[in-house]
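Just structure_25.cif here, mmCIF, C-alpha atoms and all ligand atoms:
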data_upload
loop_
_atom_site.label_atom_id
_atom_site.label_comp_id
_atom_site.auth_asym_id
_atom_site.auth_seq_id
_atom_site.Cartn_x
_atom_site.Cartn_y
_atom_site.Cartn_z
CA MET T 949 0.00 0.00 0.00
CA ARG T 950 1.00 3.63 -0.42
CA ILE T 951 0.01 5.28 2.85
CA ILE T 952 -0.28 8.93 3.89
CA LEU T 953 0.39 9.21 7.62
CA SER T 954 -0.30 12.49 9.41
CA GLY T 955 1.44 12.90 12.75
CA GLY T 956 4.10 10.58 11.37
CA ALA T 957 6.87 12.12 13.51
CA GLY T 958 4.92 11.75 16.75
CA PHE T 959 5.10 9.05 19.39
CA ILE T 960 2.56 6.53 18.02
CA GLY T 961 2.90 7.82 14.44
CA SER T 962 6.64 7.13 14.26
CA HIS T 963 6.25 3.59 15.66
CA LEU T 964 3.53 3.03 13.09
CA ALA T 965 5.85 4.30 10.33
CA ASP T 966 8.47 1.77 11.50
CA PHE T 967 5.95 -1.06 11.36
CA LEU T 968 4.49 -0.10 7.97
CA THR T 969 7.87 0.28 6.26
CA GLN T 970 9.00 -3.03 7.79
CA HIS T 971 5.92 -4.56 6.15
CA GLN T 972 6.96 -3.17 2.74
CA HIS T 973 4.40 -0.39 2.58
CA GLN T 974 5.28 3.04 1.15
CA VAL T 975 4.81 5.74 3.80
CA VAL T 976 4.50 9.48 3.22
CA SER T 977 4.81 10.93 6.72
CA ILE T 978 3.37 14.40 7.24
CA ASP T 979 4.03 16.41 10.40
CA ASN T 980 4.23 20.09 11.35
CA LEU T 981 6.61 19.14 14.20
CA LEU T 982 4.59 21.09 16.77
CA THR T 983 4.83 18.19 19.22
CA GLY T 984 6.39 15.59 16.92
CA GLU T 985 10.17 15.28 16.58
CA GLU T 986 12.31 14.63 13.52
CA GLU T 987 14.59 12.50 15.68
CA ASN T 988 11.78 9.92 15.91
CA ILE T 989 12.03 9.21 12.19
CA SER T 990 15.65 10.08 11.35
CA HIS T 991 16.50 6.35 11.15
CA LEU T 992 13.87 5.97 8.37
CA ALA T 993 15.13 8.86 6.25
CA SER T 994 17.32 6.75 3.95
CA LEU T 995 14.65 4.13 3.25
CA GLU T 996 13.16 4.00 -0.22
CA GLU T 997 9.76 3.21 1.34
CA PHE T 998 9.77 6.37 3.44
CA GLU T 999 9.27 10.05 2.73
CA PHE T 1000 8.88 12.91 5.21
CA ARG T 1001 7.05 16.15 4.48
CA HIS T 1002 7.24 19.01 6.98
CA GLN T 1003 3.75 20.31 6.43
CA ASP T 1004 0.63 21.31 8.35
CA ILE T 1005 -2.58 19.36 7.64
CA ILE T 1006 -4.54 22.54 8.34
CA CYS T 1007 -3.66 23.45 4.74
CA PRO T 1008 -5.20 21.32 1.96
CA LEU T 1009 -2.87 18.55 0.86
CA GLU T 1010 -1.67 18.00 -2.64
CA ILE T 1011 -0.41 14.48 -3.07
CA GLU T 1012 0.57 13.20 -6.49
CA GLY T 1013 -0.01 9.60 -7.54
CA PRO T 1014 -2.15 6.82 -6.13
CA VAL T 1015 -2.89 6.50 -2.41
CA ASP T 1016 -4.36 3.39 -0.76
CA ALA T 1017 -4.83 4.63 2.80
CA VAL T 1018 -4.85 7.92 4.71
CA LEU T 1019 -4.01 7.57 8.41
CA HIS T 1020 -4.77 10.61 10.59
CA PHE T 1021 -2.57 10.62 13.71
CA ALA T 1022 -1.75 14.33 13.88
CA SER T 1023 -2.71 16.17 17.06
CA PRO T 1024 -1.15 17.38 20.29
CA ALA T 1025 -2.06 14.47 22.57
CA SER T 1026 -0.96 15.13 26.13
CA PRO T 1027 -3.15 17.25 28.42
CA LYS T 1028 -0.24 19.64 28.96
CA ASP T 1029 0.21 20.09 25.20
CA TYR T 1030 -3.38 20.54 24.26
CA VAL T 1031 -3.91 23.10 27.01
CA LYS T 1032 -0.82 24.93 25.68
CA PHE T 1033 -2.00 24.64 22.04
CA PRO T 1034 -5.82 24.77 22.29
CA ILE T 1035 -6.53 26.27 18.85
CA GLU T 1036 -4.00 24.02 17.11
CA THR T 1037 -5.62 20.99 18.77
CA LEU T 1038 -9.13 21.98 17.71
CA SER T 1039 -7.86 22.71 14.19
CA ALA T 1040 -6.04 19.38 13.83
CA GLY T 1041 -9.22 17.51 14.77
CA SER T 1042 -11.58 19.60 12.65
CA VAL T 1043 -9.97 21.30 9.63
CA GLY T 1044 -7.16 18.72 9.57
CA THR T 1045 -9.60 15.81 9.61
CA ARG T 1046 -11.63 17.44 6.83
CA ASN T 1047 -8.55 17.91 4.63
CA LEU T 1048 -7.47 14.30 5.10
CA LEU T 1049 -10.99 12.98 4.49
CA GLU T 1050 -11.09 14.98 1.24
CA LEU T 1051 -7.76 13.48 0.24
CA ALA T 1052 -9.02 9.96 0.95
CA LYS T 1053 -12.20 10.67 -1.04
CA GLU T 1054 -10.26 12.06 -4.00
CA LYS T 1055 -7.91 9.06 -4.01
CA LYS T 1056 -10.61 6.47 -3.22
CA ALA T 1057 -8.44 5.43 -0.29
CA VAL T 1058 -9.29 3.99 3.13
CA PHE T 1059 -9.44 6.69 5.83
CA PHE T 1060 -8.25 5.80 9.34
CA LEU T 1061 -8.90 8.14 12.29
CA ALA T 1062 -6.82 7.95 15.44
CA SER T 1063 -9.52 8.84 17.94
CA SER T 1064 -9.20 8.62 21.70
CA SER T 1065 -10.63 7.31 24.94
CA GLU T 1066 -11.08 11.02 25.69
CA VAL T 1067 -14.34 10.85 23.70
CA TYR T 1068 -15.71 9.14 26.83
CA GLY T 1069 -14.65 12.13 28.99
CA ASP T 1070 -14.95 11.42 32.73
CA PRO T 1071 -16.84 8.18 32.17
CA GLN T 1072 -19.88 7.08 34.11
CA VAL T 1073 -19.77 3.63 32.54
CA HIS T 1074 -16.90 1.35 33.52
CA PRO T 1075 -15.12 -0.22 31.73
CA GLN T 1076 -15.76 1.88 28.63
CA ILE T 1077 -17.53 0.12 25.77
CA GLU T 1078 -17.89 1.58 22.27
CA SER T 1079 -21.66 1.99 22.64
CA TYR T 1080 -21.17 4.43 25.56
CA TRP T 1081 -21.70 8.07 24.49
CA GLY T 1082 -19.43 9.61 27.08
CA ASN T 1083 -19.47 12.38 29.67
CA VAL T 1084 -17.57 15.39 28.32
CA ASN T 1085 -17.53 18.97 29.61
CA PRO T 1086 -17.90 20.90 26.32
CA ILE T 1087 -16.17 24.05 27.63
CA GLY T 1088 -13.62 22.57 30.05
CA VAL T 1089 -9.83 22.74 29.59
CA ARG T 1090 -9.77 19.25 28.08
CA SER T 1091 -12.63 20.03 25.69
CA VAL T 1092 -10.25 21.27 22.97
CA TYR T 1093 -9.04 17.69 22.58
CA ASP T 1094 -12.17 15.75 23.57
CA GLU T 1095 -14.56 17.70 21.37
CA ALA T 1096 -12.09 17.79 18.47
CA LYS T 1097 -11.92 13.98 18.57
CA ARG T 1098 -15.69 13.71 18.90
CA PHE T 1099 -16.12 16.08 15.94
CA ALA T 1100 -13.53 14.11 13.96
CA GLU T 1101 -15.48 10.90 14.60
CA ALA T 1102 -18.74 12.58 13.54
CA LEU T 1103 -17.14 13.94 10.35
CA THR T 1104 -15.60 10.55 9.56
CA MET T 1105 -18.98 8.82 9.92
CA ALA T 1106 -20.60 11.55 7.79
CA TYR T 1107 -18.11 10.90 4.95
CA HIS T 1108 -18.76 7.19 5.34
CA ARG T 1109 -22.54 7.60 5.19
CA ARG T 1110 -22.71 10.43 2.63
CA PHE T 1111 -19.95 9.36 0.22
CA GLY T 1112 -19.50 5.67 1.05
CA LEU T 1113 -15.90 6.36 2.09
CA ASP T 1114 -14.26 3.29 3.58
CA THR T 1115 -13.41 4.48 7.10
CA ARG T 1116 -11.90 3.17 10.35
CA ILE T 1117 -12.02 4.72 13.82
CA ALA T 1118 -9.66 3.57 16.58
CA ARG T 1119 -10.37 4.82 20.10
CA ILE T 1120 -6.87 4.76 21.50
CA PHE T 1121 -6.44 4.46 25.28
CA ASN T 1122 -3.32 5.46 27.26
CA THR T 1123 -0.25 4.22 25.40
CA TYR T 1124 3.40 4.31 26.46
CA GLY T 1125 6.86 3.36 25.31
CA PRO T 1126 10.11 4.75 23.94
CA ARG T 1127 9.92 8.14 22.12
CA MET T 1128 7.51 9.77 24.56
CA ARG T 1129 8.82 13.28 25.15
CA LEU T 1130 10.35 13.57 28.60
CA GLU T 1131 8.62 16.89 29.26
CA ASP T 1132 5.28 16.13 27.60
CA GLY T 1133 3.57 16.15 31.01
CA ARG T 1134 1.99 12.71 30.80
CA VAL T 1135 2.19 10.55 33.83
CA LEU T 1136 4.72 7.98 32.64
CA PRO T 1137 7.41 10.36 31.34
CA SER T 1138 6.89 12.60 34.39
CA PHE T 1139 7.23 9.75 36.91
CA MET T 1140 10.05 8.00 35.05
CA THR T 1141 12.10 11.20 34.69
CA ALA T 1142 11.57 12.24 38.30
CA ALA T 1143 12.37 8.77 39.67
CA LEU T 1144 15.59 8.49 37.64
CA LYS T 1145 16.73 11.97 38.67
CA GLY T 1146 15.90 11.35 42.34
CA GLU T 1147 13.33 14.14 42.31
CA PRO T 1148 9.83 13.90 43.83
CA LEU T 1149 7.11 12.10 41.87
CA THR T 1150 4.11 14.42 41.73
CA VAL T 1151 0.76 12.66 42.01
CA PHE T 1152 -2.24 14.82 41.11
CA GLY T 1153 -5.14 14.46 43.53
CA ASP T 1154 -4.97 11.55 45.98
CA GLY T 1155 -3.83 9.13 43.27
CA SER T 1156 -6.98 7.00 43.45
CA GLN T 1157 -7.84 7.81 39.82
CA THR T 1158 -7.11 4.93 37.46
CA ARG T 1159 -5.64 4.44 33.98
CA SER T 1160 -4.88 1.36 31.88
CA PHE T 1161 -1.59 1.49 29.98
CA CYS T 1162 -0.89 -0.21 26.65
CA TYR T 1163 2.60 -0.82 25.31
CA VAL T 1164 3.11 0.99 22.02
CA LEU T 1165 3.97 -2.08 19.90
CA ASP T 1166 0.76 -3.80 21.02
CA MET T 1167 -1.08 -0.63 20.00
CA VAL T 1168 0.57 -0.55 16.56
CA ASP T 1169 -0.40 -4.20 16.01
CA GLY T 1170 -4.04 -3.36 16.86
CA ILE T 1171 -4.01 -0.33 14.55
CA TYR T 1172 -2.68 -2.39 11.64
CA ARG T 1173 -5.27 -5.13 12.17
CA LEU T 1174 -8.03 -2.52 12.23
CA LEU T 1175 -6.69 -0.94 9.04
CA LEU T 1176 -6.84 -4.32 7.27
CA SER T 1177 -10.31 -5.12 8.64
CA GLN T 1178 -13.69 -4.09 7.21
CA GLU T 1179 -14.83 -2.44 10.46
CA ASN T 1180 -16.35 1.03 9.97
CA GLU T 1181 -17.63 1.46 13.54
CA PRO T 1182 -15.26 2.68 16.31
CA VAL T 1183 -13.06 0.08 18.00
CA ASN T 1184 -11.41 0.52 21.41
CA LEU T 1185 -7.68 -0.23 21.43
CA GLY T 1186 -5.95 -0.39 24.79
CA ASN T 1187 -4.78 -2.64 27.57
CA PRO T 1188 -7.53 -3.41 30.13
CA ASP T 1189 -5.03 -3.89 32.98
CA GLU T 1190 -6.12 -1.00 35.23
CA VAL T 1191 -3.97 0.60 37.91
CA SER T 1192 -4.39 3.56 40.28
CA ILE T 1193 -1.97 6.42 39.74
CA ILE T 1194 -0.57 6.10 43.27
CA ASP T 1195 0.21 2.40 42.69
CA PHE T 1196 1.70 3.30 39.31
CA ALA T 1197 4.03 5.79 41.06
CA LYS T 1198 5.15 3.02 43.43
CA GLU T 1199 5.74 0.64 40.51
CA ILE T 1200 7.96 3.17 38.74
CA LYS T 1201 9.88 3.84 41.94
CA ALA T 1202 10.48 0.10 42.39
CA LEU T 1203 11.47 -0.38 38.74
CA THR T 1204 14.05 2.42 38.90
CA ASN T 1205 15.26 1.60 42.43
CA SER T 1206 14.49 5.22 43.23
CA LYS T 1207 14.46 6.82 46.67
CA SER T 1208 12.34 9.72 45.39
CA GLU T 1209 9.48 10.76 47.62
CA ILE T 1210 5.90 10.91 46.37
CA VAL T 1211 4.25 14.32 46.73
CA PHE T 1212 0.69 15.37 46.02
CA GLU T 1213 -0.69 18.31 44.03
CA GLU T 1214 -4.19 19.46 43.19
CA LEU T 1215 -6.06 17.37 40.62
CA PRO T 1216 -6.41 19.24 37.29
CA ALA T 1217 -9.96 20.14 36.19
CA ASP T 1218 -12.04 17.38 34.57
CA ASP T 1219 -9.34 14.73 35.11
CA PRO T 1220 -11.16 11.42 34.46
CA LYS T 1221 -11.51 9.36 37.68
CA THR T 1222 -11.39 5.98 35.98
CA ARG T 1223 -10.41 4.61 32.59
CA ARG T 1224 -10.31 1.07 31.29
CA PRO T 1225 -11.17 -0.17 27.81
CA ASP T 1226 -13.66 -2.91 27.15
CA ILE T 1227 -11.84 -4.62 24.26
CA THR T 1228 -14.45 -7.28 23.47
CA ARG T 1229 -15.02 -5.81 20.01
CA ALA T 1230 -11.30 -5.68 19.19
CA LYS T 1231 -10.96 -9.31 20.28
CA GLU T 1232 -13.91 -10.43 18.18
CA VAL T 1233 -13.41 -8.34 15.05
CA LEU T 1234 -9.61 -8.08 14.93
CA GLY T 1235 -8.53 -11.15 16.89
CA TRP T 1236 -6.41 -8.69 18.87
CA LYS T 1237 -5.47 -8.27 22.50
CA PRO T 1238 -2.37 -6.76 24.11
CA GLU T 1239 0.45 -9.26 24.66
CA VAL T 1240 2.90 -7.14 26.69
CA SER T 1241 2.30 -6.87 30.44
CA ARG T 1242 2.89 -3.54 32.18
CA GLY T 1243 5.94 -4.97 33.93
CA GLU T 1244 7.49 -6.08 30.62
CA GLY T 1245 6.56 -2.89 28.79
CA LEU T 1246 8.00 -0.65 31.50
CA GLY T 1247 11.16 -2.75 31.32
CA PHE T 1248 11.37 -2.11 27.54
CA THR T 1249 10.79 1.61 28.10
CA LEU T 1250 13.26 2.26 30.94
CA PRO T 1251 16.47 2.16 28.79
CA TYR T 1252 15.07 4.90 26.52
CA PHE T 1253 14.56 7.25 29.47
CA LYS T 1254 17.97 6.40 30.92
CA GLU T 1255 19.64 7.17 27.60
CA LYS T 1256 17.74 10.44 27.19
CA LEU T 1257 18.85 11.50 30.68
CA GLY T 1258 22.44 10.42 30.01
CA LEU T 1259 22.36 7.73 32.72
N1 LIG L 1 -0.79 12.57 36.60
C1 LIG L 1 -0.11 12.70 37.81
N2 LIG L 1 1.12 13.28 37.79
C2 LIG L 1 1.72 13.73 36.65
C3 LIG L 1 1.03 13.59 35.43
C4 LIG L 1 -0.23 13.02 35.45
O1 LIG L 1 -0.61 12.30 38.86
O2 LIG L 1 2.85 14.25 36.71
C5 LIG L 1 -2.11 11.92 36.61
C6 LIG L 1 -3.19 12.74 35.90
O3 LIG L 1 -3.81 13.62 36.81
C7 LIG L 1 -4.12 11.65 35.40
C8 LIG L 1 -3.20 10.47 35.12
O4 LIG L 1 -2.01 10.72 35.86
O5 LIG L 1 -5.05 11.29 36.39
C9 LIG L 1 -2.86 10.29 33.66
O6 LIG L 1 -2.46 11.52 33.15
P1 LIG L 1 -1.86 11.73 31.71
O7 LIG L 1 -1.54 13.19 31.57
O8 LIG L 1 -0.75 10.78 31.46
O9 LIG L 1 -3.00 11.34 30.66
P2 LIG L 1 -4.60 11.31 30.68
O10 LIG L 1 -4.93 9.87 30.82
O11 LIG L 1 -5.13 12.11 31.82
O12 LIG L 1 -4.96 11.87 29.36
#
Spit out the file's structure as structure tokens when you get a sec.
Ligand code: UDP
Amino acid sequence: MRIILSGGAGFIGSHLADFLTQHQHQVVSIDNLLTGEEENISHLASLEEFEFRHQDIICPLEIEGPVDAVLHFASPASPKDYVKFPIETLSAGSVGTRNLLELAKEKKAVFFLASSSEVYGDPQVHPQIESYWGNVNPIGVRSVYDEAKRFAEALTMAYHRRFGLDTRIARIFNTYGPRMRLEDGRVLPSFMTAALKGEPLTVFGDGSQTRSFCYVLDMVDGIYRLLLSQENEPVNLGNPDEVSIIDFAKEIKALTNSKSEIVFEELPADDPKTRRPDITRAKEVLGWKPEVSRGEGLGFTLPYFKEKLGL
């Protein structure tokens, strides 16, 4: 396949580019490098299968030649980033999605949307199943991301229904692994960096809120299976192994043999209290489930953080 991949220099996007080129697909990676990093894809630069374009999807895309699939992974994705770049986040999910849908329509290509568990907001149904409509504050600080993803899903389904476009929607839950930016504010890079530097790990709230973390290569496998499937309805992708944030802090301390103390700060507004994917649909439709346990995945991720910190 010849694949257009927006957000191709980001965390998940760059791992996906690795996987796709390893499977002999041609990848045109598009990224404005707002939160993506060229370093994530520098090892692909010499490959014949790979091309990078430093470009913003907010502007209409002109792509020559045939295209088989358009994968939309471009957006600031950590709460810290999307609060810092609220308009860019809304634009990536709205105008950016529209431009990529138009490209897919023009090329008669499959369109794949990287959506998010954030469409469920602070969920009142647990674990989250695809049929749940969510609980989102439409004007809260997280709304720039949540509503952009919800709009992107609505627009994707509209193109599917109105034009018969062949579409996929992945609802991606918390994902971790090498290439997360150390300062991106998400819990794993923050805890890992603090623990390795011997600085305090800052838990927001009392740490009783939960998340369920999926190793990035499991996620990429799920994404690829969904791409190859015929499934037009949203599919949750994530690891259902749920942990409280306070226990997660203790796990990272133990993994890094750190003597850092754990300190507490106020919980940010609208921070979801629980999150765990129901992956029944992914199991049934894609034959997919995560294979890497949190212990293993954190072990694979630790050397990356050590190297970045020069340890
Ligand atoms: N969190 C924390 N300390 C940090 C960063 C995050 O306690 O330094 C908490 C945050 O309040 C949330 C959870 O960890 O409850 C996951 O946050 P993250 O920003 O990684 O992603 P989210 O799942 O909220 O999008």
Could I get the residue neighbourhood of ligand LIG 1 (chain L) at 8 Å, counting all atoms listed in the file, as a PyMOL selection string?
-> chain T and resi 1025-1028+1066+1121-1122+1133-1136+1138-1139+1149-1153+1155+1157-1159+1193-1194+1212-1213+1215-1216+1219-1221+1223
Using only C-alpha atoms, which residues sit within 12 Å of Phe1161 of chain T once same-chain residues fewer than 5 positions away are excluded, as a compact mmCIF listing (two decimals) with C-alpha atoms, in the coordinates of the input?
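Dumped to result-v9.txt:
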# COMPACT_ATOMS: atom_id res chain seq x y z
CA SER T 1065 -10.63 7.31 24.94
CA ILE T 1120 -6.87 4.76 21.50
CA PHE T 1121 -6.44 4.46 25.28
CA ASN T 1122 -3.32 5.46 27.26
CA THR T 1123 -0.25 4.22 25.40
CA TYR T 1124 3.40 4.31 26.46
CA GLY T 1125 6.86 3.36 25.31
CA ARG T 1134 1.99 12.71 30.80
CA VAL T 1135 2.19 10.55 33.83
CA LEU T 1136 4.72 7.98 32.64
CA ASP T 1166 0.76 -3.80 21.02
CA MET T 1167 -1.08 -0.63 20.00
CA LEU T 1185 -7.68 -0.23 21.43
CA GLY T 1186 -5.95 -0.39 24.79
CA ASN T 1187 -4.78 -2.64 27.57
CA PRO T 1188 -7.53 -3.41 30.13
CA ASP T 1189 -5.03 -3.89 32.98
CA GLU T 1190 -6.12 -1.00 35.23
CA VAL T 1191 -3.97 0.60 37.91
CA SER T 1192 -4.39 3.56 40.28
CA ILE T 1193 -1.97 6.42 39.74
CA PHE T 1196 1.70 3.30 39.31
CA ARG T 1223 -10.41 4.61 32.59
CA ARG T 1224 -10.31 1.07 31.29
CA PRO T 1225 -11.17 -0.17 27.81
CA PRO T 1238 -2.37 -6.76 24.11
CA VAL T 1240 2.90 -7.14 26.69
CA SER T 1241 2.30 -6.87 30.44
CA ARG T 1242 2.89 -3.54 32.18
CA GLY T 1243 5.94 -4.97 33.93
CA GLU T 1244 7.49 -6.08 30.62
CA GLY T 1245 6.56 -2.89 28.79
CA LEU T 1246 8.00 -0.65 31.50
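With distances restricted to all atoms listed in the file, T:Thr1045 is the closest residue to Tyr1107 of chain T from T:Ser1208, T:Thr1045, T:Gln974, T:Asn980.
Among the candidates T:Lys1198, T:Lys1032, T:Arg1173, T:Lys1056, the one nearest to Val1089 of chain T when counting all atoms listed in the file is T:Lys1032.
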Long-range neighbours of Phe998 of chain T as a list in words, 10 Å cut-off, only C-alpha atoms, 5 positions minimum in chain = Arg950, Ile951, Ala965, Asp966, Leu968, Thr969, Gln972, His973, Gln974, Val975, Val976, Ser977, Ile989, Leu992 and Ala993 of chain T
Any idea what's packed within 8 Å of His1020 of chain T, counting only C-alpha atoms, ignoring anything in its chain fewer than 3 positions away? Could you give it as a PyMOL selection string?
-> chain T and resi 953-955+1045+1048+1059-1062
Only C-alpha atoms, please: the residues just picked out, written as a PDB file, in the frame of the given file.
ATOM      1  CA  LEU T 953       0.390   9.210   7.620  1.00  0.00           C
ATOM      2  CA  SER T 954      -0.300  12.490   9.410  1.00  0.00           C
ATOM      3  CA  GLY T 955       1.440  12.900  12.750  1.00  0.00           C
ATOM      4  CA  THR T1045      -9.600  15.810   9.610  1.00  0.00           C
ATOM      5  CA  LEU T1048      -7.470  14.300   5.100  1.00  0.00           C
ATOM      6  CA  PHE T1059      -9.440   6.690   5.830  1.00  0.00           C
ATOM      7  CA  PHE T1060      -8.250   5.800   9.340  1.00  0.00           C
ATOM      8  CA  LEU T1061      -8.900   8.140  12.290  1.00  0.00           C
ATOM      9  CA  ALA T1062      -6.820   7.950  15.440  1.00  0.00           C
TER      10      ALA T1062
END
